[in-house]
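**Q** File follows, final_37.txt with compact mmCIF, C-alpha atoms:
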```txt
# COMPACT_ATOMS: atom_id res chain seq x y z
CA MET A 24 33.48 -45.09 100.01
CA LYS A 25 34.49 -46.98 96.91
CA ILE A 26 33.35 -45.35 93.70
CA GLN A 27 31.06 -47.77 91.94
CA GLU A 28 31.42 -48.44 88.24
CA PRO A 29 28.56 -47.11 86.14
CA LEU A 30 25.65 -49.46 85.66
CA THR A 31 25.30 -50.77 82.16
CA THR A 32 22.63 -49.21 80.03
CA SER A 33 20.99 -52.59 79.67
CA SER A 34 19.60 -52.24 83.16
CA SER A 35 15.93 -53.11 82.89
CA LEU A 36 15.10 -50.22 85.16
CA GLU A 37 16.87 -47.66 83.02
CA ASN A 38 15.31 -49.05 79.87
CA THR A 39 11.89 -48.96 81.43
CA LEU A 40 12.35 -45.34 82.41
CA VAL A 41 13.88 -44.25 79.15
CA GLU A 42 11.02 -45.82 77.25
CA GLY A 43 8.60 -43.82 79.33
CA ARG A 44 6.73 -46.76 80.78
CA LEU A 45 7.97 -46.42 84.32
CA ASP A 46 6.01 -49.39 85.47
CA ILE A 47 7.00 -48.98 89.07
CA PRO A 48 4.27 -50.51 91.22
CA ALA A 49 2.27 -48.01 93.20
CA ASP A 50 3.02 -49.95 96.35
CA ALA A 51 6.77 -50.08 95.74
CA LYS A 52 8.58 -48.86 98.83
CA LEU A 53 10.20 -45.74 97.44
CA SER A 54 11.14 -42.76 99.54
CA PRO A 55 8.74 -39.84 98.98
CA ALA A 56 11.44 -37.81 97.27
CA LEU A 57 12.38 -40.62 94.92
CA ARG A 58 8.76 -41.33 94.07
CA LEU A 59 8.25 -37.68 93.10
CA ILE A 60 11.36 -37.64 90.94
CA VAL A 61 10.35 -40.86 89.19
CA GLU A 62 6.96 -39.32 88.53
CA ASP A 63 8.63 -36.24 87.04
CA VAL A 64 10.69 -38.42 84.72
CA ARG A 65 7.63 -40.39 83.72
CA MET A 66 5.68 -37.22 82.92
CA GLU A 67 8.57 -35.78 80.94
CA ALA A 68 8.94 -39.00 78.98
CA THR A 69 5.25 -39.07 78.17
CA ALA A 70 5.13 -35.36 77.29
CA GLU A 71 2.71 -34.57 80.08
CA PHE A 72 5.29 -32.23 81.48
CA PRO A 73 5.70 -28.74 80.03
CA ALA A 74 9.13 -28.02 78.65
CA THR A 75 10.61 -25.08 80.50
CA SER A 76 13.94 -23.39 80.55
CA GLY A 77 16.80 -24.75 82.55
CA TYR A 78 17.67 -21.76 84.65
CA ASP A 79 14.04 -21.13 85.30
CA ARG A 80 13.38 -24.62 86.52
CA MET A 81 16.54 -24.60 88.53
CA HIS A 82 15.67 -21.48 90.40
CA ASN A 83 12.06 -20.78 90.13
CA ARG A 84 9.72 -23.51 89.14
CA HIS A 85 8.63 -26.32 91.31
CA ASN A 86 6.65 -28.90 89.60
CA ARG A 87 4.99 -30.70 92.44
CA MET B 3 27.66 -10.66 62.24
CA SER B 4 27.18 -13.73 60.14
CA GLY B 5 25.81 -17.23 60.26
CA ASP B 6 22.50 -18.81 59.47
CA GLU B 7 21.76 -21.21 62.27
CA ASN B 8 19.79 -19.60 65.06
CA VAL B 9 20.52 -20.75 68.59
CA PRO B 10 17.29 -20.44 70.56
CA ILE B 11 17.81 -18.50 73.75
CA ASP B 12 16.92 -20.41 76.89
CA THR B 13 17.62 -17.83 79.57
CA VAL B 14 18.24 -14.11 79.72
CA LEU B 15 19.97 -12.83 82.83
CA LEU B 16 19.38 -9.13 83.42
CA LYS B 17 22.01 -7.46 85.54
CA THR B 18 19.72 -4.81 86.98
CA ALA B 19 22.49 -3.79 89.40
CA SER B 20 26.24 -4.12 89.01
CA ARG B 21 26.86 -3.42 92.69
CA CYS B 22 25.90 -5.33 95.79
CA ASN B 23 24.94 -4.20 99.28
CA ILE B 24 26.86 -7.10 100.84
CA ALA B 25 30.32 -8.60 100.29
CA CYS B 26 30.23 -12.40 100.25
CA SER B 27 33.71 -13.86 100.50
CA TYR B 28 33.22 -16.27 97.61
CA CYS B 29 31.46 -13.99 95.13
CA TYR B 30 32.63 -14.47 91.55
CA VAL B 31 31.57 -10.94 90.61
CA TYR B 32 33.74 -9.05 93.09
CA GLN B 33 36.15 -11.36 94.87
CA LEU B 34 37.87 -13.37 92.13
CA GLY B 35 39.87 -10.77 90.25
CA ASP B 36 37.50 -9.40 87.61
CA GLN B 37 36.84 -5.70 88.08
CA GLY B 38 34.54 -5.25 85.10
CA TRP B 39 31.73 -4.18 87.40
CA ARG B 40 33.59 -0.94 88.13
CA HIS B 41 33.01 0.18 84.54
CA GLN B 42 29.27 -0.48 84.64
CA PRO B 43 26.56 1.92 85.80
CA PRO B 44 25.47 0.90 89.32
CA THR B 45 21.97 0.10 88.08
CA MET B 46 20.07 -0.10 84.78
CA SER B 47 18.81 3.23 83.51
CA LYS B 48 15.33 3.89 82.19
CA SER B 49 16.62 3.91 78.61
CA THR B 50 18.44 0.59 79.05
CA ILE B 51 15.35 -0.93 80.63
CA ASP B 52 13.19 0.23 77.73
CA ALA B 53 15.71 -1.03 75.17
CA THR B 54 15.93 -4.38 76.98
CA VAL B 55 12.17 -4.82 77.02
CA ARG B 56 12.00 -3.97 73.32
CA ARG B 57 14.81 -6.41 72.44
CA LEU B 58 13.26 -9.22 74.46
CA ASP B 59 9.90 -8.63 72.81
CA GLU B 60 11.61 -8.87 69.40
CA LEU B 61 13.50 -11.98 70.47
CA ARG B 62 10.38 -13.81 71.56
CA GLN B 63 8.68 -12.99 68.30
CA ALA B 64 11.71 -14.16 66.35
CA GLN B 65 12.29 -17.50 68.04
CA ASP B 66 9.83 -20.33 68.39
CA ARG B 67 10.20 -20.90 72.10
CA ASP B 68 9.82 -19.15 75.41
CA PHE B 69 12.75 -18.19 77.56
CA ALA B 70 13.25 -17.37 81.21
CA VAL B 71 14.14 -13.87 82.34
CA VAL B 72 16.11 -13.72 85.57
CA LEU B 73 16.90 -10.49 87.43
CA HIS B 74 20.38 -10.80 88.82
CA GLY B 75 23.26 -8.73 90.08
CA GLY B 76 25.16 -7.74 92.16
CA GLU B 77 22.01 -7.37 94.18
CA PRO B 78 19.18 -6.85 91.69
CA LEU B 79 16.94 -5.12 94.23
CA LEU B 80 19.34 -2.18 94.34
CA LEU B 81 17.38 -1.08 91.29
CA GLU B 82 15.04 1.61 92.55
CA GLU B 83 11.41 0.64 92.92
CA ALA B 84 10.07 2.80 90.08
CA LEU B 85 12.55 1.27 87.65
CA LEU B 86 11.92 -2.24 88.95
CA LYS B 87 8.25 -1.69 88.30
CA ARG B 88 8.93 -0.24 84.85
CA LEU B 89 11.07 -3.24 83.92
CA LEU B 90 8.73 -5.93 85.21
CA THR B 91 5.58 -4.26 83.93
CA GLY B 92 7.17 -3.85 80.52
CA LEU B 93 8.36 -7.43 80.38
CA ARG B 94 5.02 -8.84 81.50
CA ALA B 95 3.14 -6.68 78.99
CA HIS B 96 5.26 -7.82 76.05
CA LEU B 97 6.20 -11.42 76.83
CA PRO B 98 3.86 -14.42 76.94
CA ALA B 99 3.24 -16.16 80.24
CA GLY B 100 5.59 -18.95 79.19
CA CYS B 101 8.46 -16.50 79.50
CA THR B 102 8.86 -16.66 83.25
CA LEU B 103 10.18 -13.78 85.31
CA SER B 104 12.24 -14.34 88.41
CA ILE B 105 14.80 -12.76 90.67
CA GLN B 106 17.79 -14.11 92.57
CA THR B 107 18.30 -11.94 95.63
CA ASN B 108 20.18 -11.93 98.90
CA GLY B 109 16.84 -11.09 100.53
CA THR B 110 18.05 -8.17 102.59
CA LEU B 111 16.16 -5.57 100.53
CA LEU B 112 12.86 -7.41 100.25
CA SER B 113 10.28 -4.79 101.27
CA ASP B 114 6.52 -5.19 101.07
CA ARG B 115 6.46 -2.67 98.23
CA ARG B 116 9.05 -4.56 96.20
CA LEU B 117 7.25 -7.82 96.84
CA ASP B 118 4.02 -6.23 95.59
CA ILE B 119 5.78 -5.16 92.40
CA LEU B 120 7.19 -8.64 91.90
CA ALA B 121 3.86 -10.28 92.63
CA ASP B 122 1.99 -7.99 90.24
CA SER B 123 4.17 -9.18 87.37
CA GLY B 124 3.94 -12.83 88.33
CA ALA B 125 7.65 -12.98 89.11
CA THR B 126 9.11 -15.50 91.53
CA VAL B 127 11.78 -14.96 94.15
CA SER B 128 14.73 -17.18 95.00
CA VAL B 129 16.73 -16.17 98.07
CA SER B 130 20.41 -16.88 98.60
CA LEU B 131 20.76 -18.45 102.04
CA ASP B 132 23.61 -20.80 102.88
CA GLY B 133 22.16 -22.41 106.01
CA PRO B 134 22.05 -21.65 109.73
CA ALA B 135 23.62 -18.43 111.02
CA LYS B 136 27.07 -19.82 111.73
CA ILE B 137 27.42 -21.11 108.15
CA HIS B 138 25.69 -18.22 106.40
CA ASN B 139 27.51 -15.54 108.39
CA SER B 140 30.90 -17.12 107.86
CA ARG B 141 30.75 -16.09 104.19
CA ARG B 142 27.75 -13.89 103.44
CA VAL B 143 28.83 -10.72 105.19
CA ARG B 144 28.43 -6.96 104.97
CA PHE B 145 31.31 -4.67 104.06
CA ASP B 146 32.08 -4.36 107.79
CA GLN B 147 32.22 -8.18 107.94
CA GLY B 148 29.04 -8.36 109.97
CA GLY B 149 26.80 -11.28 109.10
CA THR B 150 23.69 -10.93 106.94
CA PHE B 151 21.80 -13.90 108.32
CA GLU B 152 19.19 -11.95 110.30
CA ALA B 153 18.53 -9.51 107.46
CA THR B 154 18.13 -12.37 104.99
CA LEU B 155 15.84 -14.22 107.36
CA ASP B 156 13.77 -11.05 107.84
CA GLY B 157 13.38 -10.88 104.07
CA ILE B 158 12.32 -14.52 103.86
CA ARG B 159 9.77 -14.07 106.63
CA ARG B 160 8.38 -11.00 104.89
CA LEU B 161 8.16 -13.05 101.71
CA GLN B 162 6.39 -15.87 103.53
CA ARG B 163 3.86 -13.42 105.01
CA HIS B 164 3.01 -11.83 101.67
CA PRO B 165 -0.51 -12.59 100.41
CA ALA B 166 0.99 -13.97 97.19
CA ALA B 167 3.69 -15.96 98.97
CA GLU B 168 2.76 -19.24 97.35
CA GLN B 169 3.29 -17.80 93.90
CA LEU B 170 6.21 -15.55 94.84
CA PHE B 171 8.56 -17.72 96.84
CA SER B 172 10.32 -20.34 94.76
CA GLY B 173 12.96 -21.39 97.26
CA THR B 174 16.52 -20.92 98.38
CA LEU B 175 19.87 -21.20 96.67
CA SER B 176 22.81 -22.18 98.86
CA VAL B 177 26.51 -22.41 98.19
CA VAL B 178 27.86 -25.65 99.61
CA GLU B 179 30.14 -25.30 102.63
CA PRO B 180 31.92 -28.67 102.60
CA SER B 181 32.99 -28.43 106.25
CA SER B 182 29.38 -28.12 107.42
CA ASP B 183 26.90 -30.87 108.21
CA PRO B 184 24.49 -31.41 105.29
CA ASN B 185 21.91 -32.82 107.69
CA GLU B 186 21.97 -29.60 109.68
CA VAL B 187 21.68 -27.41 106.56
CA TYR B 188 18.87 -29.49 105.06
CA TRP B 189 16.75 -29.53 108.17
CA PHE B 190 17.39 -25.86 108.87
CA LEU B 191 15.97 -24.99 105.44
CA ARG B 192 13.09 -27.45 105.77
CA ARG B 193 12.06 -26.10 109.18
CA LEU B 194 12.22 -22.60 107.76
CA GLY B 195 9.46 -23.72 105.41
CA VAL B 196 11.18 -23.07 102.09
CA PRO B 197 9.25 -24.46 99.10
CA GLY B 198 12.37 -25.71 97.38
CA MET B 199 16.13 -25.71 97.66
CA SER B 200 19.06 -25.80 95.36
CA PHE B 201 22.78 -25.85 95.90
CA LEU B 202 25.82 -24.56 94.06
CA LEU B 203 29.43 -25.56 94.41
CA PRO B 204 31.87 -22.82 95.43
CA ASP B 205 33.57 -21.16 92.47
CA GLY B 206 37.15 -22.04 91.66
CA ASN B 207 39.32 -23.81 89.12
CA HIS B 208 42.53 -25.81 88.75
CA SER B 209 44.72 -22.75 89.27
CA ARG B 210 42.71 -21.35 92.16
CA LEU B 211 41.12 -24.22 94.02
CA PRO B 212 37.62 -23.65 95.36
CA PRO B 213 37.32 -23.02 99.10
CA GLY B 214 37.18 -26.32 100.96
CA LYS B 215 38.86 -28.36 98.23
CA ASN B 216 42.30 -29.78 98.95
CA GLY B 217 43.24 -30.91 95.46
CA PHE B 218 41.92 -32.43 92.25
CA ASP B 219 41.52 -35.88 93.83
CA SER B 220 39.67 -34.69 96.91
CA HIS B 221 35.91 -35.01 97.08
CA GLN B 222 34.70 -32.99 100.05
CA ALA B 223 31.92 -31.30 98.11
CA GLY B 224 30.86 -34.58 96.53
CA ALA B 225 30.69 -36.24 99.93
CA TRP B 226 28.70 -33.29 101.26
CA LEU B 227 26.13 -33.60 98.46
CA ALA B 228 26.00 -37.36 98.97
CA GLY B 229 25.18 -36.72 102.62
CA LEU B 230 22.52 -34.24 101.57
CA PHE B 231 21.07 -36.84 99.21
CA ASP B 232 20.75 -39.34 102.05
CA VAL B 233 18.91 -36.82 104.22
CA TYR B 234 16.66 -35.85 101.30
CA MET B 235 15.75 -39.45 100.57
CA SER B 236 14.88 -40.05 104.22
CA ASP B 237 12.59 -37.01 104.52
CA PRO B 238 8.95 -38.14 104.80
CA ASP B 239 7.67 -34.81 103.44
CA PRO B 240 10.36 -33.41 101.16
CA VAL B 241 10.45 -30.27 99.04
CA PRO B 242 12.34 -30.34 95.74
CA VAL B 243 16.13 -30.21 95.90
CA ARG B 244 16.78 -29.24 92.33
CA VAL B 245 20.40 -30.28 91.89
CA LEU B 246 19.72 -33.74 93.32
CA ASP B 247 16.46 -34.12 91.42
CA ASP B 248 18.32 -33.38 88.19
CA LEU B 249 21.00 -35.93 88.98
CA VAL B 250 18.50 -38.68 89.72
CA LYS B 251 16.49 -37.82 86.62
CA LEU B 252 19.57 -38.15 84.44
CA LEU B 253 20.47 -41.47 86.02
CA LEU B 254 16.95 -42.68 85.29
CA GLY B 255 17.15 -41.67 81.65
CA GLY B 256 15.39 -38.34 82.00
CA SER B 257 16.76 -34.87 81.45
CA ALA B 258 18.28 -32.23 83.68
CA ALA B 259 17.33 -28.61 83.74
CA LYS B 260 20.46 -26.54 84.07
CA GLU B 261 23.83 -25.93 82.54
CA GLY B 262 26.47 -27.98 84.29
CA MET B 263 24.67 -31.31 84.42
CA GLY B 264 23.77 -33.60 81.54
CA GLN B 265 24.70 -32.84 77.96
CA GLU B 266 21.90 -30.57 76.84
CA LEU B 267 23.19 -27.18 75.75
CA TYR B 268 21.68 -24.04 77.26
CA ALA B 269 21.86 -20.73 75.45
CA ILE B 270 22.15 -17.94 77.98
CA LEU B 271 22.38 -14.22 77.33
CA ILE B 272 23.59 -11.78 79.95
CA ILE B 273 22.61 -8.12 79.71
CA ASP B 274 24.72 -5.79 81.84
CA THR B 275 23.50 -2.61 83.48
CA ASP B 276 24.66 -0.50 80.52
CA GLY B 277 22.93 -2.83 78.06
CA THR B 278 26.06 -4.68 76.96
CA VAL B 279 25.45 -8.30 75.99
CA ALA B 280 27.90 -10.64 77.71
CA LYS B 281 28.67 -14.34 78.14
CA ASN B 282 27.77 -16.35 81.21
CA ASP B 283 29.25 -14.15 83.90
CA THR B 284 30.43 -17.02 86.09
CA LEU B 285 33.33 -17.24 83.61
CA LYS B 286 34.75 -14.16 85.34
CA SER B 287 36.13 -16.49 87.95
CA ALA B 288 38.56 -17.88 85.35
CA PHE B 289 40.20 -14.62 84.34
CA ALA B 290 39.30 -10.95 84.09
CA GLY B 291 37.16 -10.31 81.05
CA ALA B 292 36.39 -13.97 80.35
CA ASP B 293 32.71 -13.10 80.13
CA ARG B 294 33.19 -10.48 77.39
CA TYR B 295 32.51 -10.92 73.70
CA ASN B 296 34.94 -9.24 71.34
CA GLU B 297 32.02 -7.58 69.60
CA PRO B 298 30.48 -4.45 71.19
CA TRP B 299 27.01 -5.94 71.38
CA SER B 300 24.37 -3.97 73.24
CA VAL B 301 20.60 -3.84 73.50
CA HIS B 302 20.95 -0.21 72.42
CA SER B 303 22.34 -1.18 69.03
CA HIS B 304 21.81 -4.89 68.30
CA SER B 305 18.90 -7.28 68.22
CA LEU B 306 19.33 -10.34 70.40
CA GLN B 307 18.24 -12.72 67.66
CA GLU B 308 21.03 -11.34 65.45
CA ILE B 309 23.51 -12.05 68.21
CA ALA B 310 22.13 -15.55 68.65
CA ARG B 311 22.90 -16.25 64.99
CA THR B 312 26.57 -15.40 65.23
CA ALA B 313 29.45 -17.85 65.30
CA ALA B 314 30.77 -16.19 68.46
CA PHE B 315 27.54 -16.85 70.30
CA ARG B 316 27.34 -20.45 69.10
CA GLU B 317 30.94 -20.94 70.14
CA HIS B 318 30.09 -19.73 73.63
CA VAL B 319 27.09 -22.06 73.89
CA GLU B 320 29.11 -25.03 72.63
CA MET B 321 31.75 -24.30 75.24
CA GLN B 322 29.51 -26.21 77.63
CA GLN B 323 30.74 -29.38 75.94
CA PRO B 324 34.00 -30.46 77.53
CA THR B 325 37.05 -31.04 75.36
CA ALA B 326 39.40 -32.85 77.74
CA ARG B 327 40.23 -36.39 76.64
CA GLN B 328 39.50 -37.67 80.13
CA CYS B 329 35.95 -36.33 79.83
CA LEU B 330 35.32 -37.56 76.30
CA ARG B 331 36.13 -41.15 77.26
CA CYS B 332 34.41 -41.04 80.66
CA PRO B 333 31.30 -43.24 80.98
CA GLU B 334 29.68 -40.62 83.22
CA LEU B 335 29.89 -37.76 80.72
CA SER B 336 26.19 -38.03 79.93
CA ILE B 337 25.45 -37.43 83.60
CA CYS B 338 27.85 -34.70 84.70
CA GLY B 339 28.19 -33.13 81.25
CA GLY B 340 31.70 -32.10 82.21
CA GLY B 341 30.37 -29.70 84.83
CA MET B 342 30.21 -25.94 84.49
CA PRO B 343 32.90 -24.51 82.17
CA LEU B 344 34.20 -22.16 84.87
CA TYR B 345 35.37 -25.14 86.91
CA ARG B 346 37.50 -26.46 84.02
CA TRP B 347 39.85 -23.51 83.79
CA SER B 348 43.59 -23.69 84.39
CA ASP B 349 46.08 -20.94 83.62
CA GLU B 350 48.16 -23.47 81.67
CA ARG B 351 45.55 -25.23 79.55
CA GLY B 352 42.60 -22.87 79.46
CA PHE B 353 39.27 -24.72 79.59
CA ASP B 354 40.72 -27.96 78.17
CA ASN B 355 40.53 -29.82 81.48
CA PRO B 356 38.04 -31.93 83.38
CA SER B 357 36.14 -30.02 86.02
CA VAL B 358 38.09 -29.30 89.17
CA TYR B 359 35.10 -31.04 90.78
CA CYS B 360 35.46 -34.19 88.63
CA THR B 361 36.22 -36.43 91.61
CA ASP B 362 33.33 -34.91 93.51
CA HIS B 363 30.96 -35.57 90.59
CA LEU B 364 32.11 -39.20 90.33
CA TYR B 365 31.74 -39.72 94.06
CA LEU B 366 28.22 -38.30 94.14
CA ILE B 367 27.08 -40.12 90.99
CA SER B 368 28.39 -43.40 92.36
CA HIS B 369 26.65 -42.82 95.67
CA VAL B 370 23.31 -42.08 94.03
CA ARG B 371 23.65 -45.04 91.65
CA GLN B 372 24.16 -47.34 94.58
CA TYR B 373 21.07 -45.94 96.29
CA LEU B 374 18.94 -46.34 93.18
CA ALA B 375 20.17 -49.87 92.60
CA ALA B 376 19.23 -50.77 96.16
CA HIS B 377 15.85 -49.04 96.29
CA LEU B 378 14.24 -49.22 92.88
CA PRO B 379 12.59 -52.40 91.64
CA GLY B 380 13.83 -53.59 88.31
```
Could I get this file's structure written as structure tokens?
**A**
Amino acid sequence: MKIQEPLTTSSSLENTLVEGRLDIPADAKLSPALRLIVEDVRMEATAEFPATSGYDRMHNRHNR
Amino acid sequence: MSGDENVPIDTVLLKTASRCNIACSYCYVYQLGDQGWRHQPPTMSKSTIDATVRRLDELRQAQDRDFAVVLHGGEPLLLEEALLKRLLTGLRAHLPAGCTLSIQTNGTLLSDRRLDILADSGATVSVSLDGPAKIHNSRRVRFDQGGTFEATLDGIRRLQRHPAAEQLFSGTLSVVEPSSDPNEVYWFLRRLGVPGMSFLLPDGNHSRLPPGKNGFDSHQAGAWLAGLFDVYMSDPDPVPVRVLDDLVKLLLGGSAAKEGMGQELYAILIIDTDGTVAKNDTLKSAFAGADRYNEPWSVHSHSLQEIARTAAFREHVEMQQPTARQCLRCPELSICGGGMPLYRWSDERGFDNPSVYCTDHLYLISHVRQYLAAHLPG
């Protein structure tokens, strides 16, 4: 597989996510795993998500 | 000790046992040259437990944030039940609920009594399980080289039967075996009913290549994780796969949750069985004693917040930032963060190298980027 160059940070998707809007339509055809991750990012960006420690979240906390 | 700037502690790893009841071939504690464990008491004593609880209570009062407490080893459940109960009861009594308690275990010593003790303190349990028997038993063996798969599985089943299983069982932690089939490993763990999974890369560095890696430019582990990602994304009813979740979150502009990915710094304290305060013990895989501070810090004689204010501690935390020129000019640095420091070591240049897994990181990141570009609207 060829290693793809990084996307530019001007990607509208990345900007949308970074700004915490995450206006991904509810009917967008995302895989269940990806939808859950996007939701996590959205909650983190909008401070709905409790800040927890890294090791803890890695090993012990599941947020879904 | 000197310095004014306090580094808030994120995680405290308690080495409740310096010995293990099994002998995994890849273990950084016992198999990669460091023999520091031989000089430690086999398990924490009552006085070290009491001093640790007192120091952690002081630390939480002194810093404006919670931290995670992780029981670790060796095999942490070698700590006798009465002392395990004393430790967890003490911690739970003195620390707020935001300071989570957890244990990373090989699962072979999970009895109903120990699970009760863990459940009573609100602790969670992560079990080390590398996959189906043929993969797990090829590396996670007893001292007579017999496999530990059945014993680990017995422990997981006991955990799953416990009345507090939903609270107790956090998931599995697996070390990647690049020659295995990620599809087989993923679906084995899913069918076992684990509530979450995470994966670690085998330890190694530029002078002692990790098992399964042919050279700096090879990407077997990266390809394995890319395969795992594809299976994960195709699962109609997935459970969290932490390492992949973190990667996707970073690519979407979010944050990761563990040292070794992204550029957030994590301040981790290790407390050995004799109460000595040490650096991240995975550094042992670089050279013997790499996890030791020069100062004789101990919970018996020093407060943890004092230690966190020292230049030596800050230097250790900042070591997570890579220094190699190749990393500093890499457009993916914000994603991989340079990887775990232990992977950067070479006998010639110390830690001033890219990760030995650099090519693997780039392969995986590229793979996930391509997936996101194809599947997300935008």
**Q** Just want the 9 Å neighbourhood of Val370 (chain B), counted on all atoms listed in the file, with same-chain residues fewer than 3 positions away dropped. Output as a PDB file with C-alpha atoms, keeping the file's coordinate frame.
**A**
```
ATOM      1  CA  ALA B 228      26.000 -37.360  98.970  1.00  0.00           C
ATOM      2  CA  PHE B 231      21.070 -36.840  99.210  1.00  0.00           C
ATOM      3  CA  ASP B 232      20.750 -39.340 102.050  1.00  0.00           C
ATOM      4  CA  LEU B 249      21.000 -35.930  88.980  1.00  0.00           C
ATOM      5  CA  VAL B 250      18.500 -38.680  89.720  1.00  0.00           C
ATOM      6  CA  LEU B 253      20.470 -41.470  86.020  1.00  0.00           C
ATOM      7  CA  TYR B 365      31.740 -39.720  94.060  1.00  0.00           C
ATOM      8  CA  LEU B 366      28.220 -38.300  94.140  1.00  0.00           C
ATOM      9  CA  ILE B 367      27.080 -40.120  90.990  1.00  0.00           C
ATOM     10  CA  TYR B 373      21.070 -45.940  96.290  1.00  0.00           C
ATOM     11  CA  LEU B 374      18.940 -46.340  93.180  1.00  0.00           C
ATOM     12  CA  ALA B 375      20.170 -49.870  92.600  1.00  0.00           C
TER      13      ALA B 375
END
```
**Q** Please, what distance in Å, to one decimal, runs between CA of Asp293 (chain B) and CA of Gly133 (chain B)?
**A** 29.5 Å
**Q** For the atom pair CA of Leu58 (chain B) and CA of Arg94 (chain B), what is the interatomic distance in Å to one decimal place?
**A**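 Separating CA of Leu58 (chain B) from CA of Arg94 (chain B) is a distance of 10.8 Å.
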**Q** Give me the box for region 175-187 of chain B as JSON, namely the centre and edge lengths in Å to one decimal of a box along x, y and z that holds every listed atom plus 5 Å on each side.
**A**
```
{"center_x": 26.4, "center_y": -27.0, "center_z": 103.2, "size_x": 23.1, "size_y": 21.6, "size_z": 23.0}
```
**Q** Find the spatial neighbours of Asp146 (chain B), counting only C-alpha atoms, within a cut-off of 12 Å - ignore same-chain residues fewer than 3 positions away - and output them as a VMD selection string.
**A** chain B and resid 23 to 26 142 to 143 149 to 150
**Q** Define the interface residues of chain B facing chain A as those within 8 Å, counting only C-alpha atoms, and report them as a PDB file with C-alpha atoms, in the frame of the given file.
**A**
```
ATOM      1  CA  ASP B  12      16.920 -20.410  76.890  1.00  0.00           C
ATOM      2  CA  THR B  13      17.620 -17.830  79.570  1.00  0.00           C
ATOM      3  CA  ASP B  68       9.820 -19.150  75.410  1.00  0.00           C
ATOM      4  CA  PHE B  69      12.750 -18.190  77.560  1.00  0.00           C
ATOM      5  CA  ALA B  70      13.250 -17.370  81.210  1.00  0.00           C
ATOM      6  CA  VAL B  71      14.140 -13.870  82.340  1.00  0.00           C
ATOM      7  CA  VAL B  72      16.110 -13.720  85.570  1.00  0.00           C
ATOM      8  CA  THR B 102       8.860 -16.660  83.250  1.00  0.00           C
ATOM      9  CA  SER B 104      12.240 -14.340  88.410  1.00  0.00           C
ATOM     10  CA  GLN B 106      17.790 -14.110  92.570  1.00  0.00           C
ATOM     11  CA  THR B 126       9.110 -15.500  91.530  1.00  0.00           C
ATOM     12  CA  VAL B 127      11.780 -14.960  94.150  1.00  0.00           C
ATOM     13  CA  SER B 128      14.730 -17.180  95.000  1.00  0.00           C
ATOM     14  CA  SER B 172      10.320 -20.340  94.760  1.00  0.00           C
ATOM     15  CA  GLY B 173      12.960 -21.390  97.260  1.00  0.00           C
ATOM     16  CA  LEU B 175      19.870 -21.200  96.670  1.00  0.00           C
ATOM     17  CA  GLY B 198      12.370 -25.710  97.380  1.00  0.00           C
ATOM     18  CA  SER B 200      19.060 -25.800  95.360  1.00  0.00           C
ATOM     19  CA  TYR B 234      16.660 -35.850 101.300  1.00  0.00           C
ATOM     20  CA  MET B 235      15.750 -39.450 100.570  1.00  0.00           C
ATOM     21  CA  SER B 236      14.880 -40.050 104.220  1.00  0.00           C
ATOM     22  CA  ASP B 237      12.590 -37.010 104.520  1.00  0.00           C
ATOM     23  CA  PRO B 238       8.950 -38.140 104.800  1.00  0.00           C
ATOM     24  CA  ASP B 239       7.670 -34.810 103.440  1.00  0.00           C
ATOM     25  CA  PRO B 240      10.360 -33.410 101.160  1.00  0.00           C
ATOM     26  CA  VAL B 241      10.450 -30.270  99.040  1.00  0.00           C
ATOM     27  CA  PRO B 242      12.340 -30.340  95.740  1.00  0.00           C
ATOM     28  CA  ARG B 244      16.780 -29.240  92.330  1.00  0.00           C
ATOM     29  CA  VAL B 245      20.400 -30.280  91.890  1.00  0.00           C
ATOM     30  CA  ASP B 247      16.460 -34.120  91.420  1.00  0.00           C
ATOM     31  CA  VAL B 250      18.500 -38.680  89.720  1.00  0.00           C
ATOM     32  CA  LYS B 251      16.490 -37.820  86.620  1.00  0.00           C
ATOM     33  CA  LEU B 253      20.470 -41.470  86.020  1.00  0.00           C
ATOM     34  CA  LEU B 254      16.950 -42.680  85.290  1.00  0.00           C
ATOM     35  CA  GLY B 255      17.150 -41.670  81.650  1.00  0.00           C
ATOM     36  CA  GLY B 256      15.390 -38.340  82.000  1.00  0.00           C
ATOM     37  CA  SER B 257      16.760 -34.870  81.450  1.00  0.00           C
ATOM     38  CA  ALA B 258      18.280 -32.230  83.680  1.00  0.00           C
ATOM     39  CA  ALA B 259      17.330 -28.610  83.740  1.00  0.00           C
ATOM     40  CA  LYS B 260      20.460 -26.540  84.070  1.00  0.00           C
ATOM     41  CA  GLU B 261      23.830 -25.930  82.540  1.00  0.00           C
ATOM     42  CA  TYR B 268      21.680 -24.040  77.260  1.00  0.00           C
ATOM     43  CA  PRO B 333      31.300 -43.240  80.980  1.00  0.00           C
ATOM     44  CA  GLU B 334      29.680 -40.620  83.220  1.00  0.00           C
ATOM     45  CA  LEU B 364      32.110 -39.200  90.330  1.00  0.00           C
ATOM     46  CA  TYR B 365      31.740 -39.720  94.060  1.00  0.00           C
ATOM     47  CA  SER B 368      28.390 -43.400  92.360  1.00  0.00           C
ATOM     48  CA  HIS B 369      26.650 -42.820  95.670  1.00  0.00           C
ATOM     49  CA  ARG B 371      23.650 -45.040  91.650  1.00  0.00           C
ATOM     50  CA  GLN B 372      24.160 -47.340  94.580  1.00  0.00           C
ATOM     51  CA  HIS B 377      15.850 -49.040  96.290  1.00  0.00           C
ATOM     52  CA  LEU B 378      14.240 -49.220  92.880  1.00  0.00           C
ATOM     53  CA  PRO B 379      12.590 -52.400  91.640  1.00  0.00           C
ATOM     54  CA  GLY B 380      13.830 -53.590  88.310  1.00  0.00           C
TER      55      GLY B 380
END
```
